[in-house]
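Okay, structure.csv now, which holds CSV, C-alpha atoms:
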```csv
chain,number,residue,atom,x,y,z
A,9,ALA,CA,7.2,10.5,5.3
A,10,CYS,CA,6.4,14.2,5.9
A,11,ASP,CA,3.3,13.3,7.8
A,12,ALA,CA,5.2,10.8,9.9
A,13,PHE,CA,7.9,13.4,10.6
A,14,ARG,CA,5.3,16.0,11.6
A,15,ARG,CA,3.6,13.7,14.0
A,16,ALA,CA,7.0,12.8,15.6
A,17,CYS,CA,7.9,16.5,16.1
A,18,CYS,CA,4.7,18.3,16.7
A,19,PRO,CA,2.4,18.3,19.8
A,20,ILE,CA,-0.4,15.7,20.1
A,21,ALA,CA,-3.0,18.4,19.5
A,22,ASP,CA,-1.8,18.5,15.9
A,23,ARG,CA,-1.8,14.8,15.5
A,24,MET,CA,-4.7,14.2,13.0
A,25,THR,CA,-3.4,12.7,9.8
A,26,GLU,CA,-3.6,14.9,6.7
A,27,PRO,CA,-4.8,13.6,3.3
A,28,THR,CA,-2.0,12.9,0.9
A,29,ASP,CA,-1.3,12.8,-2.8
A,30,SER,CA,1.4,10.2,-2.3
A,31,PRO,CA,0.8,6.6,-3.2
A,32,LEU,CA,-0.2,4.5,-0.2
A,33,ALA,CA,0.7,0.9,0.5
A,34,GLU,CA,-2.1,-1.4,-0.5
A,35,PRO,CA,-3.4,-4.7,1.0
A,36,ILE,CA,-2.1,-7.9,-0.6
A,37,ARG,CA,-3.5,-11.3,-1.0
A,38,TYR,CA,-1.0,-14.1,-0.7
A,39,GLU,CA,-1.9,-17.8,-1.5
A,40,ASP,CA,0.2,-19.1,1.4
A,41,GLU,CA,-0.7,-16.3,3.8
A,42,GLU,CA,-1.9,-18.9,6.4
A,43,LYS,CA,1.8,-19.6,7.2
A,44,TYR,CA,2.4,-16.0,8.0
A,45,LEU,CA,-0.6,-15.2,10.1
A,46,VAL,CA,0.1,-14.2,13.8
A,47,ARG,CA,-2.8,-15.4,16.0
A,48,ASN,CA,-1.3,-14.9,19.5
A,49,GLY,CA,-2.9,-11.9,21.1
A,50,HIS,CA,0.2,-11.0,23.1
A,51,GLU,CA,2.3,-11.0,19.9
A,52,ILE,CA,-0.3,-9.0,18.0
A,53,ARG,CA,-0.2,-6.3,20.7
A,54,ARG,CA,3.6,-6.3,20.7
A,55,ILE,CA,3.7,-5.7,16.9
A,56,LEU,CA,1.0,-2.9,17.1
A,57,GLN,CA,2.9,-1.3,20.0
A,58,ALA,CA,6.1,-1.4,17.9
A,59,LEU,CA,4.3,0.4,15.1
A,60,ILE,CA,3.4,3.1,17.6
A,61,GLU,CA,6.9,3.4,18.9
A,62,ARG,CA,8.4,3.6,15.4
A,63,ARG,CA,5.7,6.2,14.5
A,64,ALA,CA,5.0,4.1,11.4
A,65,LEU,CA,2.6,5.5,8.8
A,66,VAL,CA,-0.3,3.1,8.3
A,67,SER,CA,-2.3,2.9,5.1
A,68,GLY,CA,-6.0,2.2,5.7
A,69,CYS,CA,-8.4,0.8,3.2
A,70,ALA,CA,-12.1,1.4,4.1
A,71,MET,CA,-14.4,-1.3,2.7
A,72,PRO,CA,-16.5,-1.8,0.8
A,73,ARG,CA,-15.8,1.5,-0.9
A,74,ASN,CA,-12.1,0.8,-1.3
A,75,HIS,CA,-11.1,4.3,-0.1
A,76,THR,CA,-7.5,4.4,1.0
A,77,PHE,CA,-6.2,6.9,3.5
A,78,PRO,CA,-3.1,7.6,5.7
A,79,THR,CA,-3.4,7.0,9.4
A,80,SER,CA,-1.4,5.8,12.4
A,81,ILE,CA,-2.0,3.7,15.5
A,82,VAL,CA,-2.5,6.0,18.5
A,83,GLU,CA,-2.8,3.5,21.4
A,84,VAL,CA,-3.3,-0.2,22.2
A,85,LEU,CA,-6.1,-0.5,24.8
A,86,ASP,CA,-5.1,-3.7,26.7
A,87,ASP,CA,-8.0,-3.5,29.1
A,88,GLU,CA,-10.6,-3.3,26.3
A,89,ASP,CA,-8.9,-5.6,23.7
A,90,ALA,CA,-9.1,-2.6,21.4
A,91,VAL,CA,-6.9,-0.1,19.4
A,92,LEU,CA,-7.2,3.5,18.6
A,93,ILE,CA,-6.3,4.9,15.2
A,94,ASP,CA,-5.9,8.5,13.9
A,95,GLY,CA,-8.8,10.2,12.4
A,96,SER,CA,-8.3,12.5,9.4
A,97,ALA,CA,-8.2,16.2,8.8
A,98,SER,CA,-10.7,15.5,6.0
A,99,GLU,CA,-14.3,15.0,7.1
A,100,THR,CA,-15.0,13.1,3.9
A,101,ILE,CA,-12.4,10.5,4.8
A,102,ASN,CA,-13.7,10.3,8.4
A,103,ARG,CA,-17.2,9.5,7.1
A,104,SER,CA,-15.8,6.8,4.9
A,105,ILE,CA,-14.1,5.2,7.9
A,106,GLU,CA,-17.3,5.6,10.0
A,107,ASP,CA,-19.4,3.9,7.3
A,108,ALA,CA,-16.9,1.1,6.6
A,109,THR,CA,-17.7,-2.6,7.4
A,110,HIS,CA,-14.0,-3.0,8.2
A,111,VAL,CA,-10.7,-1.3,7.5
A,112,THR,CA,-7.7,-3.2,6.2
A,113,CYS,CA,-4.5,-1.6,7.5
A,114,VAL,CA,-1.1,-2.0,5.9
A,115,SER,CA,2.3,-0.8,7.3
A,116,ARG,CA,5.9,-1.8,7.5
A,117,LEU,CA,8.1,-2.7,10.4
A,118,ASP,CA,11.8,-3.2,9.7
A,119,ARG,CA,10.9,-3.6,6.0
A,120,ILE,CA,8.5,-6.4,6.9
A,121,HIS,CA,5.0,-6.1,5.4
A,122,VAL,CA,2.4,-5.9,8.3
A,123,GLN,CA,-1.3,-6.2,7.5
A,124,PHE,CA,-4.4,-6.5,9.7
A,125,ARG,CA,-8.2,-6.0,9.6
A,126,LEU,CA,-10.0,-3.6,12.0
A,127,GLN,CA,-13.7,-4.1,12.7
A,128,GLY,CA,-16.3,-2.5,15.0
A,129,LEU,CA,-15.0,1.0,14.3
A,130,VAL,CA,-16.5,3.7,16.5
A,131,ARG,CA,-15.8,7.4,16.0
A,132,LEU,CA,-14.7,9.3,19.1
A,133,HIS,CA,-12.6,12.2,20.3
A,134,HIS,CA,-9.2,11.4,21.9
A,135,GLU,CA,-7.2,14.3,23.4
A,136,GLY,CA,-9.2,16.8,21.4
A,137,GLN,CA,-8.8,15.1,18.0
A,138,VAL,CA,-10.9,12.7,15.9
A,139,ALA,CA,-10.0,9.1,16.4
A,140,PHE,CA,-11.5,5.7,15.9
A,141,ARG,CA,-11.7,2.8,18.3
A,142,ALA,CA,-11.7,-0.7,16.8
A,143,ASP,CA,-11.6,-4.2,18.2
A,144,LEU,CA,-8.1,-5.7,18.5
A,145,PRO,CA,-7.5,-7.7,15.3
A,146,GLU,CA,-7.8,-11.5,15.8
A,147,THR,CA,-5.0,-12.1,13.2
A,148,LEU,CA,-2.1,-10.2,11.7
A,149,LEU,CA,-0.3,-10.9,8.5
A,150,ARG,CA,3.5,-10.5,8.8
A,151,LEU,CA,5.3,-11.2,5.5
A,152,GLN,CA,9.1,-11.4,5.7
A,153,ARG,CA,9.6,-12.3,2.0
A,154,ARG,CA,11.8,-9.6,0.4
A,155,GLU,CA,9.8,-9.8,-2.8
A,156,TYR,CA,6.9,-8.0,-1.1
A,157,TYR,CA,9.1,-5.1,-0.1
A,158,ARG,CA,7.6,-2.3,-2.2
A,159,LEU,CA,9.7,0.6,-3.3
A,160,GLN,CA,8.1,3.9,-4.3
A,161,VAL,CA,9.2,5.1,-7.7
A,162,PRO,CA,10.5,8.7,-7.5
A,163,VAL,CA,8.4,11.2,-9.6
A,164,THR,CA,11.7,12.6,-10.8
A,165,GLN,CA,12.7,9.3,-12.3
A,166,PRO,CA,9.4,8.1,-13.8
A,167,LEU,CA,8.9,4.4,-14.7
A,168,GLU,CA,6.2,3.3,-17.2
A,169,CYS,CA,4.5,0.1,-18.1
A,170,ALA,CA,2.6,-0.4,-21.4
A,171,ILE,CA,-0.4,-2.7,-21.4
A,172,PRO,CA,-1.6,-4.1,-24.8
A,173,GLN,CA,-5.2,-3.5,-26.0
A,174,HIS,CA,-6.4,-5.9,-28.7
A,175,HIS,CA,-9.1,-4.4,-31.0
A,176,PRO,CA,-11.8,-6.3,-33.0
A,177,ASP,CA,-10.1,-5.3,-36.3
A,178,GLY,CA,-7.0,-7.2,-35.1
A,179,GLU,CA,-4.9,-4.1,-34.3
A,180,THR,CA,-3.0,-4.0,-31.1
A,181,THR,CA,-2.3,-0.7,-29.3
A,182,TYR,CA,-0.4,-0.1,-26.1
A,183,GLU,CA,-1.6,2.2,-23.2
A,184,ARG,CA,1.1,3.5,-21.0
A,185,TYR,CA,0.7,3.8,-17.2
A,186,ARG,CA,3.0,5.4,-14.6
A,187,VAL,CA,4.4,2.9,-12.1
A,188,LEU,CA,3.8,4.1,-8.5
A,189,ASP,CA,5.8,1.4,-6.8
A,190,ILE,CA,7.6,-1.9,-7.6
A,191,SER,CA,8.6,-5.1,-5.9
A,192,GLY,CA,10.0,-8.4,-6.9
A,193,GLY,CA,6.4,-9.6,-7.0
A,194,GLY,CA,4.6,-6.9,-8.9
A,195,ILE,CA,3.9,-3.2,-9.6
A,196,ALA,CA,1.2,-0.6,-8.8
A,197,LEU,CA,0.0,1.6,-11.7
A,198,ALA,CA,-1.6,5.1,-11.6
A,199,VAL,CA,-5.0,5.1,-13.3
A,200,GLN,CA,-6.5,8.5,-13.9
A,201,ALA,CA,-10.1,7.3,-13.6
A,202,GLU,CA,-11.6,3.9,-12.9
A,203,ASN,CA,-10.6,1.9,-16.0
A,204,PRO,CA,-12.9,-1.0,-16.9
A,205,THR,CA,-10.0,-2.5,-18.8
A,206,LEU,CA,-8.0,-3.1,-15.5
A,207,ARG,CA,-10.5,-5.3,-13.8
A,208,PRO,CA,-9.2,-7.4,-10.8
A,209,TYR,CA,-8.0,-10.9,-11.8
A,210,ARG,CA,-7.8,-10.0,-15.5
A,211,GLU,CA,-4.5,-11.1,-17.0
A,212,PHE,CA,-2.4,-9.3,-19.6
A,213,PRO,CA,0.4,-11.0,-21.6
A,214,ASP,CA,3.1,-9.2,-23.5
A,215,CYS,CA,3.2,-6.1,-21.2
A,216,LEU,CA,6.2,-3.9,-21.5
A,217,LEU,CA,8.1,-2.6,-18.5
A,218,TYR,CA,10.4,0.2,-19.4
A,219,LEU,CA,13.3,-0.2,-17.0
A,220,PRO,CA,16.1,2.3,-17.4
A,221,ASP,CA,19.4,1.4,-19.1
A,222,GLY,CA,18.0,-1.2,-21.4
A,223,GLY,CA,15.1,-2.2,-23.7
A,224,PRO,CA,11.6,-2.8,-22.5
A,225,LEU,CA,11.0,-6.0,-20.5
A,226,SER,CA,8.2,-8.1,-21.8
A,227,LEU,CA,6.2,-9.8,-19.0
A,228,ARG,CA,2.7,-11.0,-18.0
A,229,LEU,CA,0.6,-9.1,-15.5
A,230,MET,CA,-2.5,-10.0,-13.5
A,231,VAL,CA,-4.5,-7.1,-12.0
A,232,LYS,CA,-5.0,-8.1,-8.3
A,233,SER,CA,-6.7,-4.9,-7.0
A,234,LEU,CA,-8.2,-1.6,-8.0
A,235,HIS,CA,-8.4,1.0,-5.3
A,236,SER,CA,-9.6,4.6,-5.2
A,237,GLN,CA,-7.7,7.2,-3.1
A,238,LEU,CA,-9.0,10.5,-1.9
A,239,ASN,CA,-6.6,13.3,-2.7
A,240,GLN,CA,-6.0,16.5,-0.7
A,241,ASN,CA,-7.9,18.6,-3.3
A,242,GLY,CA,-11.0,16.4,-2.9
A,243,THR,CA,-10.6,14.5,-6.2
A,244,GLU,CA,-10.3,10.7,-6.5
A,245,SER,CA,-7.4,8.9,-8.1
A,246,TRP,CA,-7.1,5.1,-8.8
A,247,ARG,CA,-4.3,2.7,-8.4
A,248,ALA,CA,-4.1,-0.8,-9.9
A,249,GLY,CA,-2.1,-3.4,-8.0
A,250,CYS,CA,-0.6,-5.9,-10.5
A,251,GLN,CA,1.3,-9.2,-9.9
A,252,PHE,CA,4.0,-10.6,-12.2
A,253,THR,CA,2.6,-14.0,-13.3
A,254,ASP,CA,5.3,-14.9,-15.8
A,255,LEU,CA,8.7,-13.3,-15.9
A,256,PRO,CA,11.2,-14.2,-18.7
A,257,ARG,CA,14.6,-15.6,-17.8
A,258,GLY,CA,16.8,-13.1,-16.1
A,259,ALA,CA,13.9,-10.6,-15.5
A,260,ASP,CA,13.8,-11.1,-11.8
A,261,ALA,CA,17.5,-10.2,-11.5
A,262,LEU,CA,17.0,-7.0,-13.6
A,263,ILE,CA,14.1,-5.9,-11.4
A,264,GLN,CA,15.9,-6.6,-8.2
A,265,ARG,CA,18.9,-4.7,-9.5
A,266,TYR,CA,16.7,-1.7,-10.4
A,267,ILE,CA,15.1,-1.8,-6.9
A,268,PHE,CA,18.5,-2.0,-5.2
A,269,ARG,CA,19.8,1.0,-7.2
A,270,LEU,CA,16.7,3.1,-6.3
A,271,GLU,CA,17.1,2.1,-2.6
A,272,ARG,CA,20.8,3.0,-2.7
A,273,GLN,CA,20.0,6.4,-4.2
A,274,ARG,CA,17.3,7.1,-1.7
A,275,SER,CA,19.6,6.2,1.2
A,276,ALA,CA,22.3,8.5,-0.2
A,277,ARG,CA,19.7,11.4,-0.3
A,278,GLU,CA,18.6,10.7,3.2
A,279,ARG,CA,22.2,10.7,4.5
A,280,GLY,CA,22.8,14.0,2.6
A,281,ALA,CA,19.7,15.6,4.1
A,282,ALA,CA,20.7,14.5,7.6
```

Structure re-expressed in structure tokens:
Amino acid sequence: ACDAFRRACCPIADRMTEPTDSPLAEPIRYEDEEKYLVRNGHEIRRILQALIERRALVSGCAMPRNHTFPTSIVEVLDDEDAVLIDGSASETINRSIEDATHVTCVSRLDRIHVQFRLQGLVRLHHEGQVAFRADLPETLLRLQRREYYRLQVPVTQPLECAIPQHHPDGETTYERYRVLDISGGGIALAVQAENPTLRPYREFPDCLLYLPDGGPLSLRLMVKSLHSQLNQNGTESWRAGCQFTDLPRGADALIQRYIFRLERQRSARERGAA
């Protein structure tokens, strides 16, 4: 949010996106995503232009290294069927983008999940700053389902999830992870180093989600993604995106109530700051 505010208020010469230690939105895979794909070129341009006008922060994921980084859309080049995105103040991140086969971009527009893939990325200088030109995406995923609205969990109000580890001697222990964000469909967990236990598509029954004001909520999680993120100090952190695959009766209402309460508290803080 600070980066977005800085870009809104500062001159273009200071536009390059800074690395961040904050959790970034991550790409999602949705089994019915075909229904939500936008293919019309005019509509895709309109959505991208709206992201520019709203000064929306975009999370990029450079493949195949899975490096996530903050960026923004600078311009839609109608004459070239191309877009420009911000470079980074970090040369390490710029090299990762330059070497990528493609970059998956994730943002939100009016609380709607927007996701698209950029290919053919070429590094250049735009108005004195590093930028990347990419082909206009052929499709754009626009998910309007509320369950995919992810809410970042405040560091001042930590939330934890415990994942069971079953040992050969029959003993079961639990490893606790900090929850970075939460939605009606799943959670993202902070992983200190790449953890071989949390492999994509591995499923964990009997996980414990420690919602406040109540006992732990027992549920089943499937790891959907494991992404590295370059921090401002040059270190790497990892985040595991997990999907709820089996929620007990009433759990969905408890999770939505928690999200609503966090959202209400955040709105109150923003009104107070204003």

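Ranking A:Arg103, A:Arg131, A:Arg158, A:Arg54 by their shortest atom-to-atom distance to Phe77 (chain A), with only C-alpha atoms included, puts A:Arg103 first.
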
Exercise. With distances taken over all atoms listed in the file, which of A:Cys250, A:Leu217, A:Ala70, A:Leu65 is nearest to Val122 (chain A)?
Worked result: A:Leu65

Exercise. Which is closest to Gly242 (chain A) among A:Ala259, A:Ile101, A:Arg73, A:Pro172, if we use only C-alpha atoms?
Worked result: A:Ile101

List as a Markdown table every residue of region 87-180 of chain A that is in contact with region 40-51 of chain A, defined as an atom at most 6 Å from one of its atoms (using only C-alpha atoms), together with the nearest atom pair and the distance in Å rounded to one decimal, sorted by chain and then rising number.
```
| residue | atom | partner | partner_atom | distance |
| --- | --- | --- | --- | --- |
| A:Thr147 | CA | A:Arg47 | CA | 4.9 |
| A:Leu148 | CA | A:Val46 | CA | 5.0 |
| A:Leu149 | CA | A:Leu45 | CA | 4.6 |
| A:Arg150 | CA | A:Tyr44 | CA | 5.7 |
```

For this session: May I ask for the distance between CA of Glu99 (chain A) and CA of Leu238 (chain A), given in Å to one decimal place?
Result: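 Answer for the CA of Glu99 (chain A) to CA of Leu238 (chain A) separation: 11.4 Å.
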
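Taking CA of Pro145 (chain A) and CA of Asp89 (chain A) as endpoints, the distance between them is 8.8 Å.
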
For this session: Give the answer as one residue: which of A:Ser104, A:Ser226, A:Asn241, A:Gln160 has the shortest atom-to-atom distance to Glu271 (chain A), using only C-alpha atoms?
Result: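 Residue with the minimum atom-to-atom distance to Glu271 (chain A): A:Gln160.
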
For this session: Might you pull out every residue within 7 Å of Leu167 (chain A), with only C-alpha atoms counted and same-chain residues fewer than 4 positions away left off, and present them as a PyMOL selection string?
Result: chain A and resi 186-187+218-219

Problem set entry | Residue with smallest distance to Arg269 (chain A) - pool A:Phe252, A:Leu159, A:Asp94, A:Gly194, counting all atoms listed in the file |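 Under the stated criterion, the closest residue is A:Leu159.
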
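Rounded to one decimal, CA of Asp260 (chain A) and CA of Ile190 (chain A) lie 11.9 Å from each other.
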
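Comparing the minimum interatomic distances between Ile52 (chain A) and each of A:Leu144, A:Cys69, A:Leu126, A:Val114, counting only C-alpha atoms, we find that A:Leu144 sits nearest.
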